[in-house]
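Note sheet for the following structure.
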Amino acid sequence: MPALEIRALTAGYGKDPVLRGIDLTVTSGVTAILGSSGCGKTTLLRAVAGFVQPAAGTIDVAGTRVVGGGGRSVPARRRGIGYVPQEGALFPHLTVARNIAFGLPRGQRRNAGGVVAEALAMVELDPSLAARFPHQLSGGQQQRVALARALAPQPSLVLLDEPFSSLDAGLREETGRAVVRALRAADAAAVLVAHDQGEALSLADQVAVMAQGRFLQVAPPAEVYLEPADPQVASFIGHASLLPGEGDGAGRATCAVGELAVRPGHPGTAGPAGPVQLAIRSEQVQIRTDGAGTPGEVVDVSFFGHDATVRLRLDSGEQLAARTPADSVPHPGEKVRLSVVGEVVAFAGQPGA
Amino acid sequence: MAAPALPLLLVGLAVAALALVPLGYVLWSTAELGPGEAGAFLWRPRIGELLWNTTRLLVVGVLASVAVGVAGAWVVERTDVPGRGWWHGLLCAPLAVPAFVNGFGWVSTTHAVQSFPGAVMVVTLSYYPLVYLPTVAALRRLDPAVEEVATALGRSPWSVFWRVTLPATSPAVLGGALLVGLHLLAEYGALQLLNYPTLTTAILQQYGTVFNGPEATLLALVLVAFCLLLLGLELLLRGRRPRSRVGAGTSRVAGRVPLGRARPLVVLALAGLVLWALAVPLAALVRWLVRGTSAGIEGAELADALGNTLLLAVLGGLVTTAAAVPVVWLAVRHRSLLTTAIERSVYTASAMPGIVIALALVTVSIRAVPDLYQTMALLVAGYLVLFLPRAVVSVRGTFELVPPALEEVARSLGCSGPEVARRVTLPLVVPGLAGAGALVALAVSTELTATLLLAPIGTDTLATKFWSEASSIAYGAAAPYALALIVLSVPSTWLLARLSTRSDR
């Protein structure tokens with residue numbers, strides 16, 4: 001029985017639909033919803049939580065229908081879903097302990113010390129924080145308390161809306177890992193809205209890429225990265241460069257950087273024939289010093305320390321991004337030669353076709 | 001967003017309807033009077049004199065208040081003047097002396113102030129804090145980095161002030177200037193004591209002689225037109241340019257401009273201002289208090305007025321805050337055209353001088369519900385309309401402390417609607433509501449103009465009792481009431497002074 005099952009969900013404010021037929025199954029673990037801002041990911045989360053009334057479709061939580069299917073929607077308070085909004089939204093007038101105990105049944109709230117200690121341990125916070133008020137906590141601590149509060153009533157599903165967006169970079173990674181460990185320890189499935197793809201790929205078991213109210217692809221992180229379902233996913237997730245080319249239908253394609261090997265698609269197909277778009281990830285592009293390869297000119301360089309991203313213009317006018325080690329970064333304007341290693345992903349058809 | 005419950009909406013509409021009575025009265029009486037009749041009345045030398053008096057007091061008084069308020073705020077916030085905290089308190093303090101008490105202090109000291117320059121001086125000393133306070137708050141919020149950037153680009157401190165600091169704080173200064181203007185237009189007590197006739201004092205005079213004739217109504221009309229003109233002017237000057245800070249992060253404490261050799265001069269100027277604004281009226285008060293006590297104070301009358309004032313203050317505070325809650329709740333949680341209209345209609349009263357509100361309620365009650373005329377209920381209704389804009393502003397600030405996410409989290413944790421209100425919303429807003437109610441109560445306790453018109457005969461408050469003594473030149477007898485009024489104004493002044501320097505969280 002999946003923790004969350006969404007079928008053909010449509011929702012919107014006024015006339016414009018924000019969600020246009022969403023299907024999603026979350027069995028266990030963490031599912032990250034990834035998309036640019038305004039694509040509908042927060043609306044989806046709020047529809048599951050019960051704060052947005054969908055226009056059509058069904059939502060089942062742990063086998064219970066909460067939206068659609070004839071009857072009235074189950075109100076948010078009876079869905080038993082943990083909800084962690086942006087920036088945590090801790091109750092400012094209650095201590096950490098009383099925040100965590102907030103969702104417990106009335107009888108348990110009085111002697112909630114055990115539950116509170118357990119929940120704090122789960123999110124790896126010191127039990128001495130229980131007596132503090134939210135304003136006495138750091139941003140990362142607030143976020144963890146918000147999760148502890150959502151986990152305390154033992155929900156089977158937790159929703160997190162960009163939980164780390166207000167944290168600085170170093171804290172974000174650490175808090176993200178702690179949150180995922182806590183979710184696993186609590187044995188709760190989670191849906192996490194993210195707009196940082198590194199965060200989504202590193203934390204999630206399943207990534208759902210969203211654009212304009214639809215899912216482009218729902219798959220494990222490696223699959224989304226290595227086998228993007230369409231050019232949009234490829235350029236969004238892998239920062240892949242898209243080049244037009246010509247497939248031969250036998251596993252190879254020709255483009256401005258020569259003939260490349262095409263990653264086989266579905267079992268049994270060797271790759272498309274005819275006009276194709278080739279997605280080339282930056283780490284596949286190598287700058288060569290041995291005089292071989294396709295000539296190009298360096299447009300600009302972004303140096304990151306551990307490596308650098310170099311944008312190159314080919315003689316044909318197309319642009320390509322390459323990732324190079326930190327110790328061999330060319331200068332803008334320099335003439336270089338490059339080649340592509342490994343298999344590239346080919347999409348049949350040309351852009352706009 | 002869900003539609004609001006019907007009872008809530010009905011209460012909101014009722015409050016809005018009450019708040020619209022003064023505007024309705026003005027529009028309706030304009031329509032009722034023919035243009036010929038109105039023109040004949042308005043085209044008289046007496047009206048011309050009133051208009052000239054009102055206009056020049058308005059212009060010079062507002063400009064003087066802005067000059068004093070901005071200069072004071074800049075010195076306190078941006079220079080290394082010694083004892084900044086003390087000066088801040090002292091510069092706010094004149095707010096605790098009601099303008100009519102200040103006028104009393106000056107008139108009972110010297111009759112030289114019964115002139116145009118005297119009137120300008122007294123109203124400026126009374127009302128410059130209305131510019132000073134928002135300017136201090138704006139300077140405090142202004143990211144000093146902006147000024148530092150201007151300095152780094154080669155501007156002198158003087159040029160930084162004119163080109164960067166002042167433009168960035170101009171909405172606050174303008175807002176303060178608008179408040180001063182509205183207060184000047186509504187001021188009755190101080191100007192009557194200074195023998196300086198304006199539209200407002202003329203209305204009360206008309207009302208006193210012929211009760212509720214068309215003249216008073218017409219003058220009220222002109223007065224409201226003045227107020228609307230002022231509001232329009234402020235909107236026009238403010239424009240649509242965004243002034244908010246760009247980017248997040250907390251601002252640091254600003255660097256201070258060293259005063260250098262001008263330091264003693266600046267301190268002297270501040271001391272002079274405080275002396276003029278506070279020491280002169282307070283000294284007069286003490287002098288009359290000593291003389292009055294030697295003549296014996298009417299203890300029973302004082303106790304009676306005090307009792308009435310406290311009762312009205314508590315009633316007014318409770319009723320006004322209670323009426324503000326549904327208006328704010330609708331506007332914040334059920335945003336729609338209708339609820340926005342309800343909130344806006346409440347604000348129309350802030351452009352109505354107390355005298356017009358009182359006149360409207362008298363007229364409407366006599367014509368529609370005569371039983372209400374000359375009752376405490378009508379007086380409290382007057383306070384409600386008069387102070388509702390203030391209450392709505394502070395109640396709104398309180399409700400914005402409760403972001404919708406908090407209520408959503410509570411619901412996702414299993415709370416029903418009433419439970420959310422009991423466990424989350426109410427605990428967060430009750431302190432703020434109490435504060436809002438207290439502010440209104442304090443304002444009610446020193447209100448004079450509307451009370452003079454609306455209080456049932458025989459019901460005296462501290463303000464009206466002070467007024468009847470002071471205007472019959474029984475200065476000694478008036479002094480204890482003046483002292484009581486100042487004591488009642490201290491807490492809200494202290495609160496405002498604190499709020500203006502609290503940094504944003």
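How things are named: the first chain in the structure tokens is A, the next is B, and so on; residues count from 1 in each chain; ligands count from 1 in the order shown.
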
Using only C-alpha atoms, tabulate the residues of chain A lying at most 7 Å from any atom of chain B, each with its closest atom pair and that distance in Å to one decimal, by chain and increasing residue number, as a tab-separated table.
residue	atom	partner	partner_atom	distance
A:Ala76	CA	B:Ser412	CA	5.4
A:Arg77	CA	B:Gly414	CA	3.9
A:Arg78	CA	B:Gly414	CA	6.0
A:Gly80	CA	B:Ser412	CA	6.9
A:Ile81	CA	B:Ser412	CA	6.4
A:Gly82	CA	B:Ser412	CA	6.6
A:Tyr83	CA	B:Val409	CA	6.3
A:Pro85	CA	B:Ala405	CA	6.8
A:Ala89	CA	B:Leu406	CA	5.6
A:Phe91	CA	B:Leu406	CA	6.6
A:His93	CA	B:Leu428	CA	6.6
A:Gly103	CA	B:Leu413	CA	4.6

Given the selection you just returned, output its residues as a file containing N, CA and C atoms, formatted as a PDB file, in the first residue's frame.
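And here is the file that came out, part.pdb:
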ATOM      1  N   ALA A  76      -8.188  18.955   6.429  1.00  0.00           N
ATOM      2  CA  ALA A  76      -6.750  18.858   6.703  1.00  0.00           C
ATOM      3  C   ALA A  76      -6.484  18.213   8.060  1.00  0.00           C
ATOM      4  N   ARG A  77      -7.321  18.555   9.060  1.00  0.00           N
ATOM      5  CA  ARG A  77      -6.988  18.110  10.407  1.00  0.00           C
ATOM      6  C   ARG A  77      -7.222  16.617  10.618  1.00  0.00           C
ATOM      7  N   ARG A  78      -7.973  15.980   9.690  1.00  0.00           N
ATOM      8  CA  ARG A  78      -8.210  14.548   9.847  1.00  0.00           C
ATOM      9  C   ARG A  78      -7.364  13.703   8.894  1.00  0.00           C
ATOM     10  N   GLY A  80      -4.037  13.329   9.014  1.00  0.00           N
ATOM     11  CA  GLY A  80      -2.899  12.704   9.677  1.00  0.00           C
ATOM     12  C   GLY A  80      -1.617  12.796   8.882  1.00  0.00           C
ATOM     13  N   ILE A  81      -1.420  13.945   8.251  1.00  0.00           N
ATOM     14  CA  ILE A  81      -0.209  14.161   7.469  1.00  0.00           C
ATOM     15  C   ILE A  81       0.658  15.174   8.201  1.00  0.00           C
ATOM     16  N   GLY A  82       1.953  14.887   8.327  1.00  0.00           N
ATOM     17  CA  GLY A  82       2.857  15.874   8.914  1.00  0.00           C
ATOM     18  C   GLY A  82       3.143  16.954   7.901  1.00  0.00           C
ATOM     19  N   TYR A  83       3.177  18.235   8.348  1.00  0.00           N
ATOM     20  CA  TYR A  83       3.357  19.333   7.399  1.00  0.00           C
ATOM     21  C   TYR A  83       4.414  20.278   7.935  1.00  0.00           C
ATOM     22  N   PRO A  85       5.996  23.727   6.797  1.00  0.00           N
ATOM     23  CA  PRO A  85       6.018  24.794   5.798  1.00  0.00           C
ATOM     24  C   PRO A  85       7.378  25.458   5.733  1.00  0.00           C
ATOM     25  N   ALA A  89       7.615  27.723  10.672  1.00  0.00           N
ATOM     26  CA  ALA A  89       6.374  28.192  11.293  1.00  0.00           C
ATOM     27  C   ALA A  89       6.163  27.563  12.664  1.00  0.00           C
ATOM     28  N   PHE A  91       5.229  27.716  16.557  1.00  0.00           N
ATOM     29  CA  PHE A  91       4.345  28.603  17.312  1.00  0.00           C
ATOM     30  C   PHE A  91       5.209  29.462  18.234  1.00  0.00           C
ATOM     31  N   HIS A  93       4.627  31.396  20.641  1.00  0.00           N
ATOM     32  CA  HIS A  93       4.263  31.569  22.060  1.00  0.00           C
ATOM     33  C   HIS A  93       4.451  30.291  22.863  1.00  0.00           C
ATOM     34  N   GLY A 103       0.497  18.408  18.538  1.00  0.00           N
ATOM     35  CA  GLY A 103      -0.417  17.561  17.768  1.00  0.00           C
ATOM     36  C   GLY A 103      -0.802  16.262  18.453  1.00  0.00           C
TER      37      GLY A 103
END

Problem set entry | Which of region 280-477 of chain B fall in alpha helix (DSSP H), as a PyMOL selection string | chain B and resi 280-295+299-333+337-347+354-368+376-399+404-412+417-420+426-445+449-454+462-471+475-477

For this session: Could you tell me which of A:Asp307, A:Asp230, A:Glu283, A:Asp23 comes closest to Ala208 (chain A) if we count only C-alpha atoms?
Result: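 That would be A:Asp23, the residue with the smallest distance to Ala208 (chain A).
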
Exercise. What does the distance between CA of Phe164 (chain A) and CA of Leu151 (chain A) come to in Å, to one decimal place?
Worked result: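 Result for CA of Phe164 (chain A) versus CA of Leu151 (chain A): 17.2 Å, one decimal.
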
For this session: Find the residues around region 240-249 of chain A up to 6 Å (only C-alpha atoms counted), leave out those fewer than 6 positions away in its own chain, and share them as a PyMOL selection string.
Result: chain A and resi 234+255+271-281+320

Take the residues from that selection and write them out as a PDB file, in the first residue's frame, keeping N, CA and C atoms.
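Written output follows (out.pdb):
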ATOM      1  N   ALA A 234      16.677  17.289 -19.407  1.00  0.00           N
ATOM      2  CA  ALA A 234      18.124  17.192 -19.593  1.00  0.00           C
ATOM      3  C   ALA A 234      18.808  18.524 -19.309  1.00  0.00           C
ATOM      4  N   CYS A 255      26.937  15.239 -35.212  1.00  0.00           N
ATOM      5  CA  CYS A 255      26.595  16.630 -34.918  1.00  0.00           C
ATOM      6  C   CYS A 255      27.849  17.467 -35.060  1.00  0.00           C
ATOM      7  N   GLY A 271      18.359   3.581 -30.684  1.00  0.00           N
ATOM      8  CA  GLY A 271      18.451   5.046 -30.767  1.00  0.00           C
ATOM      9  C   GLY A 271      17.728   5.521 -32.018  1.00  0.00           C
ATOM     10  N   PRO A 272      17.271   6.743 -32.032  1.00  0.00           N
ATOM     11  CA  PRO A 272      16.441   7.239 -33.125  1.00  0.00           C
ATOM     12  C   PRO A 272      17.244   7.489 -34.403  1.00  0.00           C
ATOM     13  N   ALA A 273      16.512   7.469 -35.498  1.00  0.00           N
ATOM     14  CA  ALA A 273      17.096   7.819 -36.785  1.00  0.00           C
ATOM     15  C   ALA A 273      16.519   9.151 -37.232  1.00  0.00           C
ATOM     16  N   GLY A 274      17.245   9.853 -38.092  1.00  0.00           N
ATOM     17  CA  GLY A 274      16.760  11.129 -38.596  1.00  0.00           C
ATOM     18  C   GLY A 274      17.177  12.258 -37.683  1.00  0.00           C
ATOM     19  N   PRO A 275      16.516  13.441 -37.811  1.00  0.00           N
ATOM     20  CA  PRO A 275      16.919  14.599 -37.017  1.00  0.00           C
ATOM     21  C   PRO A 275      16.732  14.330 -35.522  1.00  0.00           C
ATOM     22  N   VAL A 276      17.742  14.692 -34.713  1.00  0.00           N
ATOM     23  CA  VAL A 276      17.667  14.469 -33.272  1.00  0.00           C
ATOM     24  C   VAL A 276      18.239  15.686 -32.551  1.00  0.00           C
ATOM     25  N   GLN A 277      17.900  15.755 -31.233  1.00  0.00           N
ATOM     26  CA  GLN A 277      18.571  16.701 -30.357  1.00  0.00           C
ATOM     27  C   GLN A 277      19.451  15.880 -29.437  1.00  0.00           C
ATOM     28  N   LEU A 278      20.695  16.259 -29.300  1.00  0.00           N
ATOM     29  CA  LEU A 278      21.615  15.501 -28.464  1.00  0.00           C
ATOM     30  C   LEU A 278      21.877  16.283 -27.174  1.00  0.00           C
ATOM     31  N   ALA A 279      21.694  15.604 -26.045  1.00  0.00           N
ATOM     32  CA  ALA A 279      21.964  16.245 -24.753  1.00  0.00           C
ATOM     33  C   ALA A 279      23.349  15.827 -24.291  1.00  0.00           C
ATOM     34  N   ILE A 280      24.268  16.793 -24.192  1.00  0.00           N
ATOM     35  CA  ILE A 280      25.645  16.497 -23.809  1.00  0.00           C
ATOM     36  C   ILE A 280      25.914  17.162 -22.467  1.00  0.00           C
ATOM     37  N   ARG A 281      26.151  16.346 -21.422  1.00  0.00           N
ATOM     38  CA  ARG A 281      26.399  16.897 -20.090  1.00  0.00           C
ATOM     39  C   ARG A 281      27.798  17.482 -20.018  1.00  0.00           C
ATOM     40  N   LEU A 320      28.502  25.135 -26.042  1.00  0.00           N
ATOM     41  CA  LEU A 320      28.617  23.883 -25.325  1.00  0.00           C
ATOM     42  C   LEU A 320      29.295  24.183 -23.985  1.00  0.00           C
TER      43      LEU A 320
END

Would you list the contacts of Phe304 (chain A) as a short mmCIF file (atom, residue, chain, number, x, y, z; two decimals) with N, CA and C atoms, in the first residue's frame, taking every protein, DNA or RNA residue within 10 Å and counting only C-alpha atoms, but skipping same-chain residues closer than 5 positions in sequence?
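As written to disk, selection20.cif reads:
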data_model
loop_
_atom_site.label_atom_id
_atom_site.label_comp_id
_atom_site.auth_asym_id
_atom_site.auth_seq_id
_atom_site.Cartn_x
_atom_site.Cartn_y
_atom_site.Cartn_z
N THR A 309 33.46 25.48 -14.87
CA THR A 309 32.61 25.27 -16.03
C THR A 309 33.03 26.26 -17.11
N PRO A 325 39.04 20.26 -14.83
CA PRO A 325 39.68 20.29 -13.52
C PRO A 325 40.24 21.69 -13.23
N ALA A 326 40.39 21.98 -11.95
CA ALA A 326 40.77 23.33 -11.53
C ALA A 326 42.14 23.74 -12.05
#

For this session: From a DSSP calculation on the backbone, collect every residue of region 33-248 of chain A in strand (DSSP E) and output the set as an MDAnalysis selection string.
Result: chainID A and resid 33:34 56:61 64:67 81:84 157:161 189:194 206:211 214:219 241:248

Go ahead and write the residues just picked, N, CA and C atoms, as a compact mmCIF listing (two decimals), in the first residue's frame.
# COMPACT_ATOMS: atom_id res chain seq x y z
N ILE A 33 10.15 16.95 -5.21
CA ILE A 33 9.52 17.57 -6.36
C ILE A 33 10.37 18.75 -6.75
N LEU A 34 10.83 18.72 -7.98
CA LEU A 34 11.82 19.70 -8.42
C LEU A 34 11.23 20.50 -9.57
N ALA A 56 -10.25 18.35 -9.73
CA ALA A 56 -10.57 16.98 -10.14
C ALA A 56 -9.40 16.08 -9.74
N GLY A 57 -9.65 14.75 -9.79
CA GLY A 57 -8.61 13.80 -9.48
C GLY A 57 -8.79 13.22 -8.09
N THR A 58 -7.92 12.27 -7.74
CA THR A 58 -8.03 11.62 -6.44
C THR A 58 -6.69 11.65 -5.72
N ILE A 59 -6.77 11.66 -4.40
CA ILE A 59 -5.58 11.53 -3.56
C ILE A 59 -5.87 10.48 -2.50
N ASP A 60 -5.00 9.48 -2.39
CA ASP A 60 -5.12 8.50 -1.33
C ASP A 60 -3.89 8.60 -0.44
N VAL A 61 -4.12 8.64 0.87
CA VAL A 61 -3.02 8.66 1.82
C VAL A 61 -3.06 7.38 2.62
N THR A 64 -6.23 5.41 2.33
CA THR A 64 -7.50 6.06 2.59
C THR A 64 -7.70 7.19 1.59
N ARG A 65 -8.89 7.21 0.97
CA ARG A 65 -9.14 8.27 0.00
C ARG A 65 -9.42 9.58 0.75
N VAL A 66 -8.65 10.62 0.46
CA VAL A 66 -8.89 11.90 1.13
C VAL A 66 -9.47 12.94 0.18
N VAL A 67 -9.26 12.77 -1.13
CA VAL A 67 -9.82 13.70 -2.11
C VAL A 67 -10.41 12.91 -3.25
N ILE A 81 -1.42 13.94 8.25
CA ILE A 81 -0.21 14.16 7.47
C ILE A 81 0.66 15.17 8.20
N GLY A 82 1.95 14.89 8.33
CA GLY A 82 2.86 15.87 8.91
C GLY A 82 3.14 16.95 7.90
N TYR A 83 3.18 18.23 8.35
CA TYR A 83 3.36 19.33 7.40
C TYR A 83 4.41 20.28 7.94
N VAL A 84 5.44 20.51 7.16
CA VAL A 84 6.51 21.44 7.55
C VAL A 84 6.58 22.55 6.50
N LEU A 157 3.02 9.96 6.45
CA LEU A 157 3.49 10.80 5.37
C LEU A 157 3.81 12.20 5.90
N VAL A 158 4.94 12.74 5.49
CA VAL A 158 5.33 14.09 5.90
C VAL A 158 5.56 14.93 4.64
N LEU A 159 5.02 16.15 4.64
CA LEU A 159 5.23 17.06 3.52
C LEU A 159 6.15 18.19 3.96
N LEU A 160 7.17 18.46 3.16
CA LEU A 160 8.10 19.54 3.49
C LEU A 160 8.17 20.52 2.32
N ASP A 161 7.83 21.79 2.60
CA ASP A 161 7.80 22.80 1.54
C ASP A 161 9.08 23.63 1.58
N ALA A 189 7.15 8.18 5.06
CA ALA A 189 7.43 8.61 3.69
C ALA A 189 7.37 10.14 3.66
N ALA A 190 8.10 10.75 2.73
CA ALA A 190 8.12 12.20 2.70
C ALA A 190 8.06 12.72 1.28
N VAL A 191 7.35 13.84 1.12
CA VAL A 191 7.38 14.55 -0.15
C VAL A 191 8.01 15.90 0.15
N LEU A 192 9.07 16.22 -0.57
CA LEU A 192 9.86 17.41 -0.27
C LEU A 192 9.88 18.29 -1.51
N VAL A 193 9.45 19.53 -1.34
CA VAL A 193 9.53 20.46 -2.46
C VAL A 193 10.90 21.12 -2.44
N ALA A 194 11.57 21.09 -3.58
CA ALA A 194 12.91 21.68 -3.61
C ALA A 194 13.03 22.52 -4.86
N GLN A 206 13.46 9.35 -4.93
CA GLN A 206 12.70 9.50 -6.17
C GLN A 206 12.59 10.99 -6.46
N VAL A 207 12.82 11.37 -7.71
CA VAL A 207 12.74 12.78 -8.07
C VAL A 207 11.62 12.97 -9.09
N ALA A 208 10.76 13.92 -8.86
CA ALA A 208 9.69 14.24 -9.80
C ALA A 208 9.97 15.63 -10.37
N VAL A 209 10.26 15.70 -11.66
CA VAL A 209 10.58 16.98 -12.27
C VAL A 209 9.30 17.60 -12.82
N MET A 210 9.04 18.83 -12.40
CA MET A 210 7.76 19.45 -12.72
C MET A 210 7.97 20.71 -13.54
N ALA A 211 7.08 20.93 -14.52
CA ALA A 211 7.07 22.18 -15.26
C ALA A 211 5.66 22.47 -15.71
N ARG A 214 2.79 20.04 -14.72
CA ARG A 214 2.84 18.63 -15.11
C ARG A 214 4.16 18.04 -14.69
N PHE A 215 4.17 16.71 -14.51
CA PHE A 215 5.44 16.03 -14.28
C PHE A 215 6.07 15.69 -15.61
N LEU A 216 7.34 16.06 -15.78
CA LEU A 216 8.05 15.68 -16.99
C LEU A 216 8.63 14.29 -16.85
N GLN A 217 9.04 13.96 -15.63
CA GLN A 217 9.66 12.66 -15.38
C GLN A 217 9.62 12.38 -13.89
N VAL A 218 9.30 11.14 -13.53
CA VAL A 218 9.35 10.71 -12.14
C VAL A 218 10.21 9.46 -12.09
N ALA A 219 11.36 9.55 -11.45
CA ALA A 219 12.30 8.42 -11.49
C ALA A 219 13.33 8.60 -10.40
N SER A 241 24.07 20.55 -22.53
CA SER A 241 23.95 21.37 -23.72
C SER A 241 23.17 20.57 -24.76
N LEU A 242 22.32 21.26 -25.49
CA LEU A 242 21.52 20.57 -26.52
C LEU A 242 22.07 20.96 -27.89
N LEU A 243 22.45 19.94 -28.67
CA LEU A 243 22.96 20.20 -30.01
C LEU A 243 22.10 19.47 -31.02
N PRO A 244 21.80 20.08 -32.16
CA PRO A 244 21.05 19.37 -33.20
C PRO A 244 21.98 18.37 -33.89
N GLY A 245 21.41 17.25 -34.33
CA GLY A 245 22.24 16.25 -35.00
C GLY A 245 21.38 15.35 -35.87
N GLU A 246 22.01 14.31 -36.35
CA GLU A 246 21.34 13.38 -37.27
C GLU A 246 21.63 11.98 -36.77
N GLY A 247 20.58 11.21 -36.38
CA GLY A 247 20.78 9.86 -35.90
C GLY A 247 20.81 8.87 -37.07
N ASP A 248 21.55 7.77 -36.87
CA ASP A 248 21.57 6.77 -37.96
C ASP A 248 20.71 5.56 -37.61

Problem set entry | Selection: 12 Å around region 327-339 of chain A, only C-alpha atoms, excl. self and same-chain fewer than 2 positions, as a PyMOL selection string | chain A and resi 255-260+280+282-315+320-325+341-342

Exercise. Which neighbours of Val81 (chain B) fall inside 12 Å, counting only C-alpha atoms, when residues of the same chain fewer than 2 positions from it are skipped, and could you give them as a list in words?
Worked result: Gly72, Ala73, Trp74, Val75, Val76, Glu77, Arg78, Thr79, Gly83, Arg84, Gly85, Trp86, Trp87, His88, Arg256, Val257, Pro258, Leu259, Gly260, Arg261, Ala262, Arg263, Pro264, Leu265, Val266, Val267, Leu268, Ala269 and Leu270 of chain B

For this session: Just the residues within 12 Å of Ala131 (chain A), please, counting only C-alpha atoms, with nothing from its chain fewer than 2 positions along; format it as a ChimeraX atom specification.
Result: /A:94-100,113,116-117,120,126-129,133-137

Exercise. In Å to one decimal, how far is CA of Met1 (chain A) from CA of Arg181 (chain A)?
Worked result: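 Pair CA of Arg181 (chain A) / CA of Met1 (chain A) returns 22.4 Å.
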
Problem set entry | Straight-line distance linking CA of Val364 (chain B) with CA of Leu462 (chain B), stated in Å to one decimal |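 Result for CA of Val364 (chain B) versus CA of Leu462 (chain B): 26.7 Å, one decimal.
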
Exercise. Pick the closest to Ala19 (chain B) from B:Leu426, B:Val224, B:Ala323, B:Leu191: which is it, counting only C-alpha atoms?
Worked result: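 Result for the nearest residue to Ala19 (chain B): B:Ala323.
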